[in-house]
Structures are given as C-alpha cells and as structure tokens.
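Trainee: Here you go, one structure.
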Amino acid sequence: MKYWMAKCSSCGQVKIAQKSKPATCKCEKRTGVRSVRRCGNALTDIEDITAKVLTAQGELSL
C-alpha cells in the first residue's frame with residue numbers, strides 16, 4: 001500500500017491510501033439526509049508520503 005497527501009479544491013488537504021497515484025478526491029460528501037457521494041474533484045500537489053508513514057509505524061527498516 002502507498003500513501004499520498006494531496007489538495008482538493010473543496011475538501012482541503014487529504015490523505016489517501018492506495019497502490020496507484022490518485023487523480024481525484026475520494027472524500028465522502030453528504031448530499032442529502034440519506035445520500036452520500038464521493039467528492040470527485042481533481043487533486044493537486046500530490047505527494048508520495050509512503051516512507052514517512054511506514055517510518056512512523058516502524059515498518060521501514062533503514
């Protein structure tokens with residue numbers, strides 16, 4: 001698993017965990033009492049933070 005930090009125009013700073021570089025925001029937005037949809041906005045300033053996350057979790061050996 002890889003970890004990414006990016007900016008979304010409506011959600012702000014987001015952290016995403018997935019194997020490939022994300023292109024769109026996956027934050028859930030409530031659109032009604034019973035409905036929720038994913039934001040879907042394009043992401044900018046995408047940074048791979050996998051090494052930082054694994055180091056913090058103690059899973060990366062140097």
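Residues are referred to by chain and number: the chain letter is A, B, ... according to the order shown in the structure tokens, the number counts from 1 in that chain, and ligands are numbered separately from 1 in the order shown.
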Just the residues within 7 Å of Thr44 of chain A, please, counting only C-alpha atoms, with nothing from its chain fewer than 5 positions along; format it as a list in words.
Mentor: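 Non-adjacent residues within range: Ala6, Lys7 and Cys8 of chain A.
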Trainee: Can you write just those residues out, N, CA and C atoms, as an mmCIF file, in the first residue's frame?
Mentor:
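Once everything was written out, this is selection-v3.cif:
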data_model
loop_
_atom_site.group_PDB
_atom_site.id
_atom_site.type_symbol
_atom_site.label_atom_id
_atom_site.label_comp_id
_atom_site.auth_asym_id
_atom_site.auth_seq_id
_atom_site.Cartn_x
_atom_site.Cartn_y
_atom_site.Cartn_z
ATOM 1 N N ALA A 6 -2.487 15.125 -0.708
ATOM 2 C CA ALA A 6 -2.847 15.972 -1.850
ATOM 3 C C ALA A 6 -3.801 17.069 -1.411
ATOM 4 N N LYS A 7 -4.074 17.995 -2.325
ATOM 5 C CA LYS A 7 -5.015 19.078 -2.053
ATOM 6 C C LYS A 7 -6.235 18.941 -2.960
ATOM 7 N N CYS A 8 -7.401 19.137 -2.353
ATOM 8 C CA CYS A 8 -8.672 19.117 -3.083
ATOM 9 C C CYS A 8 -9.273 20.515 -2.964
#
Trainee: Pull the strand (DSSP E) assignments for chain A out of DSSP run on the backbone, and list those residues as an MDAnalysis selection string.
Mentor: chainID A and resid 3:8 12:17 28:30 36:38 43:48
Trainee: Which one is closest to Arg38 of chain A: A:Thr24, A:Gln57, A:Gln18, A:Ser9? Count only C-alpha atoms.
Mentor: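 So, comparing all the options, the nearest one is A:Thr24.
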Trainee: Could you state the separation of atom CA of Tyr3 of chain A and atom CA of Ala42 of chain A in Å, given to one decimal place?
Mentor: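 About the pair atom CA of Tyr3 of chain A and atom CA of Ala42 of chain A: they are 17.2 Å apart.
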Trainee: Rounded to one decimal, what separation in Å do you get between atom CA of Lys15 of chain A and atom CA of Thr55 of chain A?
Mentor: 16.3 Å
Trainee: Can you pull out the residues contacting Asp48 of chain A? Cut-off 12 Å, using only C-alpha atoms, and skip same-chain residues under 6 positions away; I want them as a PyMOL selection string.
Mentor: chain A and resi 1-6+15-22+54
Trainee: Using only C-alpha atoms, which residue out of A:Gly58, A:Glu47, A:Val53, A:Gly12 lies closest to Lys26 of chain A?
Mentor: A:Gly12
Trainee: So how many Å separate atom CA of Cys27 of chain A and atom CA of Gly40 of chain A, to one decimal?
Mentor: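 Atom CA of Gly40 of chain A lies 7.8 Å from atom CA of Cys27 of chain A.
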